[in-house]
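**Q** What follows is the file start.cif, containing mmCIF, C-alpha atoms:
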```
data_final
#
loop_
_atom_site.label_atom_id
_atom_site.label_comp_id
_atom_site.auth_asym_id
_atom_site.auth_seq_id
_atom_site.Cartn_x
_atom_site.Cartn_y
_atom_site.Cartn_z
CA MET A 1 7.86 4.88 -11.55
CA GLY A 2 6.18 7.52 -9.39
CA MET A 3 4.30 7.09 -6.17
CA PRO A 4 0.99 5.26 -6.66
CA THR A 5 -2.22 7.21 -6.22
CA ASN A 6 -4.90 6.21 -3.73
CA SER A 7 -7.02 5.10 -6.68
CA GLU A 8 -4.21 2.91 -7.98
CA GLU A 9 -3.65 1.36 -4.55
CA ARG A 10 -7.39 0.71 -4.28
CA ASP A 11 -7.45 -0.94 -7.72
CA ARG A 12 -4.41 -3.07 -6.86
CA ALA A 13 -6.11 -4.22 -3.66
CA LYS A 14 -9.29 -4.93 -5.63
CA VAL A 15 -7.32 -7.18 -8.04
CA VAL A 16 -6.25 -9.28 -5.05
CA GLU A 17 -9.78 -9.27 -3.61
CA VAL A 18 -11.38 -10.40 -6.90
CA ALA A 19 -8.73 -13.06 -7.55
CA GLN A 20 -9.12 -14.45 -4.03
CA ALA A 21 -12.93 -14.46 -4.35
CA MET A 22 -12.58 -16.49 -7.55
CA LEU A 23 -10.27 -18.99 -5.84
CA ASP A 24 -12.69 -19.24 -2.90
CA GLY A 25 -15.63 -19.91 -5.22
CA ALA A 26 -17.41 -16.75 -4.07
CA LEU A 27 -17.14 -15.22 -7.55
CA GLY A 28 -17.55 -17.01 -10.87
CA ILE A 29 -14.78 -17.32 -13.42
CA ILE A 30 -16.57 -15.26 -16.05
CA GLU A 31 -17.70 -12.44 -13.77
CA GLY A 32 -14.31 -12.36 -12.06
CA SER A 33 -12.51 -12.25 -15.39
CA ARG A 34 -14.64 -9.31 -16.47
CA ARG A 35 -13.87 -7.46 -13.24
CA LEU A 36 -10.14 -8.20 -13.52
CA ASN A 37 -10.12 -7.00 -17.11
CA ASP A 38 -11.80 -3.73 -16.02
CA LEU A 39 -9.24 -3.32 -13.23
CA ARG A 40 -6.39 -4.05 -15.65
CA GLU A 41 -7.65 -1.26 -17.87
CA ALA A 42 -8.07 1.13 -14.92
CA LEU A 43 -4.47 0.42 -13.88
CA GLY A 44 -3.22 1.12 -17.40
CA ILE A 45 -1.85 -2.39 -17.88
CA HIS A 46 -1.56 -3.65 -21.47
CA HIS A 47 -4.09 -6.30 -22.49
CA LEU A 48 -1.29 -8.69 -23.47
CA ASP A 49 0.34 -8.54 -20.03
CA ASP A 50 1.26 -12.13 -19.12
CA ASP A 51 -0.73 -12.11 -15.87
CA PHE A 52 -3.89 -10.63 -17.40
CA VAL A 53 -4.06 -12.00 -20.95
CA GLY A 54 -5.97 -15.12 -19.86
CA PHE A 55 -8.66 -13.02 -18.20
CA VAL A 56 -8.86 -10.75 -21.24
CA ALA A 57 -9.42 -13.86 -23.38
CA ILE A 58 -12.11 -15.27 -21.06
CA ASP A 59 -13.90 -11.91 -21.05
CA SER A 60 -13.75 -11.74 -24.85
CA GLU A 61 -14.83 -15.35 -25.43
CA THR A 62 -17.81 -15.08 -23.05
CA ASP A 63 -19.01 -11.54 -23.72
CA ALA A 64 -22.35 -12.81 -25.10
CA LEU A 65 -23.15 -14.68 -21.88
CA PRO A 66 -25.48 -12.90 -19.43
CA ILE A 67 -23.75 -12.48 -16.08
CA GLY A 68 -24.81 -10.23 -13.21
CA ASP A 69 -27.50 -7.54 -13.39
CA VAL A 70 -28.01 -7.88 -17.15
CA ARG A 71 -29.73 -11.23 -16.52
CA ARG A 72 -32.90 -9.49 -15.40
CA LEU A 73 -33.30 -8.17 -18.96
CA TRP A 74 -33.25 -11.67 -20.47
CA ASN A 75 -36.14 -14.03 -21.24
CA GLU A 76 -36.34 -16.93 -18.74
CA GLU A 77 -36.25 -19.59 -21.46
CA ALA A 78 -33.22 -18.02 -23.08
CA LEU A 79 -31.49 -17.90 -19.68
CA VAL A 80 -31.90 -21.65 -19.23
CA HIS A 81 -29.94 -22.23 -22.45
CA LYS A 82 -27.36 -19.54 -21.65
CA ASP A 83 -26.89 -20.90 -18.11
CA ARG A 84 -25.75 -24.21 -19.62
CA GLU A 85 -23.22 -22.29 -21.70
CA VAL A 86 -22.06 -20.40 -18.60
CA GLU A 87 -21.56 -23.67 -16.68
CA GLU A 88 -19.59 -25.14 -19.58
CA ALA A 89 -17.39 -22.04 -19.90
CA GLU A 90 -16.78 -21.92 -16.15
CA ARG A 91 -15.57 -25.54 -16.25
CA LEU A 92 -13.47 -24.97 -19.36
CA TYR A 93 -11.64 -21.92 -18.00
CA ARG A 94 -11.46 -22.78 -14.27
CA ASP A 95 -7.96 -24.30 -14.05
CA GLY A 96 -6.27 -21.59 -16.12
CA ALA A 97 -8.15 -18.86 -14.29
CA PHE A 98 -7.14 -20.26 -10.90
CA GLU A 99 -3.49 -20.32 -11.98
CA GLY A 100 -3.86 -16.72 -13.18
CA CYS A 101 -5.49 -15.70 -9.90
CA ARG A 102 -2.57 -17.07 -7.91
CA LYS A 103 -0.15 -15.10 -10.12
CA LEU A 104 -2.12 -11.88 -9.70
CA ILE A 105 -2.24 -12.31 -5.93
CA ALA A 106 1.52 -12.86 -5.83
CA ARG A 107 2.04 -9.76 -7.98
CA PHE A 108 -0.41 -7.34 -6.37
CA ASP A 109 -0.64 -8.47 -2.73
CA ARG A 110 2.26 -6.32 -1.67
CA PRO A 111 2.94 -2.60 -1.55
CA SER A 112 3.69 -1.22 -4.99
CA ASN A 113 6.54 0.84 -3.55
CA PRO A 114 7.84 -0.99 -0.49
CA PRO A 115 9.56 1.20 2.09
CA LEU A 116 13.30 1.49 1.73
CA GLN A 117 15.31 -0.54 4.20
CA PRO A 118 17.74 1.53 6.26
CA ALA A 119 21.32 1.02 5.17
CA ALA A 120 23.49 -1.06 7.46
CA SER A 121 25.58 1.28 9.51
CA GLY A 122 28.62 -0.91 9.78
CA ARG A 123 28.86 -0.02 13.45
CA GLY A 124 28.63 -2.71 15.98
#
```
Please express what this file holds, its structure, as structure tokens.
**A**
Amino acid sequence: MGMPTNSEERDRAKVVEVAQAMLDGALGIIEGSRRLNDLREALGIHHLDDDFVGFVAIDSETDALPIGDVRRLWNEEALVHKDREVEEAERLYRDGAFEGCRKLIARFDRPSNPPLQPAASGRG
């Protein structure tokens, strides 16, 4: 594997940032899953990758739910109903998503190409 690009390093760091924000409760499960799925794609990681497949599934299963900026385009009455669905989905997926977040942090919260350790000289 070649040296990572600045963009790749930035995306790897963003995976850790998003996963940690989800664990901290600063970012919802659905929105975080959507962001992680976008980052997975940007990094060229297959959608069936063990550490990402759960987030791909959450994104797919909740794609009709209004999250983020798109909410301003929705009718207020419709949002009340959809917000109940969002709350239910967040509860349903929380435990699995948290487990997935911990795995992603363990995987991506380190340099992708750690520096080589100098060989022991044998002198002493």
**Q** Select, from A:Asp50, A:Ala57, A:Val15, A:Asp69, the residue with the minimum atom-to-atom distance to A:Leu36, counting only C-alpha atoms.
**A**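 Of all the options, A:Val15 lies closest to A:Leu36.
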**Q** Run the PyMOL selection byres ((chain A and resi 39-48) around 8) on the file and write out the hits as a count of residues only.
**A** 14
**Q** Give as a list of chain:residue names the residues that the PyMOL selection byres ((chain A and resi 103) around 12) matches when applied to the coordinates above.
**A**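 On the file shown, the PyMOL selection byres ((chain A and resi 103) around 12) covers A:Val15, A:Val16, A:Ala19, A:Gln20, A:Leu23, A:Asp49, A:Asp50, A:Asp51, A:Phe52, A:Val53, A:Gly54, A:Phe55, A:Gly96, A:Ala97, A:Phe98, A:Glu99, A:Gly100, A:Cys101, A:Arg102, A:Leu104, A:Ile105, A:Ala106, A:Arg107, A:Phe108, A:Asp109.
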**Q** Please indicate the distance in Å from atom CA of A:Arg34 to atom CA of A:Asp59, rounded to one decimal place.
**A**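 According to the coordinates, atom CA of A:Arg34 and atom CA of A:Asp59 are separated by 5.3 Å.
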**Q** I need the output of the PyMOL selection byres ((chain A and resi 62) around 10) for this file as a list in words; which residues are they?
**A**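 For this structure, the PyMOL selection byres ((chain A and resi 62) around 10) captures Ile30, Glu31, Ser33, Arg34, Ala57, Ile58, Asp59, Ser60, Glu61, Asp63, Ala64, Leu65, Pro66, Ile67, Glu85, Val86, Ala89 and Glu90 of chain A.
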**Q** Pick from A:Val18, A:Ile29, A:Leu73, A:Ala13: nearest to A:Tyr93, with all atoms listed in the file counted?
**A** A:Ile29
**Q** Expressed in Å to a single decimal, how great is the separation between atom CA of A:Gly68 and atom CA of A:Arg94?
**A** 18.4 Å
**Q** How many Å lie between atom CA of A:Leu79 and atom CA of A:Gly28, rounded to one decimal?
**A**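 Taking atom CA of A:Leu79 as the start and atom CA of A:Gly28 as the end point, the length is 16.5 Å.
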**Q** Return the padded bounding box of stretch 36-40 of chain A as AutoDock Vina command-line options: axis-aligned, built from all atoms listed in the file, 8 Å added on each side, with centre and edge lengths in Å to one decimal.
**A**
```
--center_x -9.1 --center_y -5.8 --center_z -15.2 --size_x 21.4 --size_y 20.9 --size_z 19.9
```
**Q** Tell me which of A:Glu17, A:Arg72, A:Glu9, A:Met22 sits closest to A:Asp95, counting all atoms listed in the file.
**A**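 Smallest separation from A:Asp95 among the options: A:Met22.
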**Q** Reconstruct N, CA and C atoms of stretch 77-102 of chain A from the incomplete input and present them as a CSV table (one decimal), in the frame of the given file.
**A**
```
chain,number,residue,atom,x,y,z
A,77,GLU,N,-36.6,-18.4,-20.6
A,77,GLU,CA,-36.2,-19.6,-21.5
A,77,GLU,C,-34.9,-19.5,-22.1
A,78,ALA,N,-34.5,-18.3,-22.5
A,78,ALA,CA,-33.2,-18.0,-23.1
A,78,ALA,C,-32.1,-18.2,-22.0
A,79,LEU,N,-32.5,-17.8,-20.8
A,79,LEU,CA,-31.5,-17.9,-19.7
A,79,LEU,C,-31.2,-19.4,-19.4
A,80,VAL,N,-32.1,-20.2,-19.5
A,80,VAL,CA,-31.9,-21.6,-19.2
A,80,VAL,C,-30.8,-22.2,-20.2
A,81,HIS,N,-30.9,-21.8,-21.4
A,81,HIS,CA,-29.9,-22.2,-22.4
A,81,HIS,C,-28.6,-21.6,-22.2
A,82,LYS,N,-28.6,-20.3,-21.9
A,82,LYS,CA,-27.4,-19.5,-21.6
A,82,LYS,C,-26.7,-20.0,-20.4
A,83,ASP,N,-27.5,-20.4,-19.4
A,83,ASP,CA,-26.9,-20.9,-18.1
A,83,ASP,C,-26.1,-22.2,-18.3
A,84,ARG,N,-26.5,-23.0,-19.3
A,84,ARG,CA,-25.8,-24.2,-19.6
A,84,ARG,C,-24.4,-23.8,-20.2
A,85,GLU,N,-24.5,-22.8,-21.1
A,85,GLU,CA,-23.2,-22.3,-21.7
A,85,GLU,C,-22.3,-21.7,-20.6
A,86,VAL,N,-22.9,-21.0,-19.7
A,86,VAL,CA,-22.1,-20.4,-18.6
A,86,VAL,C,-21.4,-21.5,-17.8
A,87,GLU,N,-22.1,-22.5,-17.4
A,87,GLU,CA,-21.6,-23.7,-16.7
A,87,GLU,C,-20.4,-24.3,-17.4
A,88,GLU,N,-20.6,-24.5,-18.7
A,88,GLU,CA,-19.6,-25.1,-19.6
A,88,GLU,C,-18.3,-24.3,-19.6
A,89,ALA,N,-18.5,-23.0,-19.8
A,89,ALA,CA,-17.4,-22.0,-19.9
A,89,ALA,C,-16.7,-22.0,-18.6
A,90,GLU,N,-17.4,-22.0,-17.5
A,90,GLU,CA,-16.8,-21.9,-16.2
A,90,GLU,C,-15.9,-23.1,-16.0
A,91,ARG,N,-16.4,-24.3,-16.4
A,91,ARG,CA,-15.6,-25.5,-16.2
A,91,ARG,C,-14.3,-25.5,-17.2
A,92,LEU,N,-14.6,-25.0,-18.4
A,92,LEU,CA,-13.5,-25.0,-19.4
A,92,LEU,C,-12.3,-24.1,-18.9
A,93,TYR,N,-12.7,-22.9,-18.3
A,93,TYR,CA,-11.6,-21.9,-18.0
A,93,TYR,C,-11.1,-22.0,-16.6
A,94,ARG,N,-11.8,-22.8,-15.7
A,94,ARG,CA,-11.5,-22.8,-14.3
A,94,ARG,C,-10.0,-23.0,-13.9
A,95,ASP,N,-9.4,-24.0,-14.4
A,95,ASP,CA,-8.0,-24.3,-14.0
A,95,ASP,C,-7.0,-23.2,-14.4
A,96,GLY,N,-7.1,-22.7,-15.7
A,96,GLY,CA,-6.3,-21.6,-16.1
A,96,GLY,C,-6.5,-20.3,-15.3
A,97,ALA,N,-7.8,-20.1,-15.0
A,97,ALA,CA,-8.2,-18.9,-14.3
A,97,ALA,C,-7.6,-18.9,-12.9
A,98,PHE,N,-7.7,-20.1,-12.3
A,98,PHE,CA,-7.1,-20.3,-10.9
A,98,PHE,C,-5.6,-20.0,-10.9
A,99,GLU,N,-4.9,-20.6,-11.9
A,99,GLU,CA,-3.5,-20.3,-12.0
A,99,GLU,C,-3.2,-18.8,-12.1
A,100,GLY,N,-4.0,-18.2,-13.0
A,100,GLY,CA,-3.9,-16.7,-13.2
A,100,GLY,C,-4.2,-15.9,-11.9
A,101,CYS,N,-5.2,-16.4,-11.2
A,101,CYS,CA,-5.5,-15.7,-9.9
A,101,CYS,C,-4.3,-15.8,-8.9
A,102,ARG,N,-3.7,-16.9,-8.8
A,102,ARG,CA,-2.6,-17.1,-7.9
A,102,ARG,C,-1.4,-16.1,-8.3
```
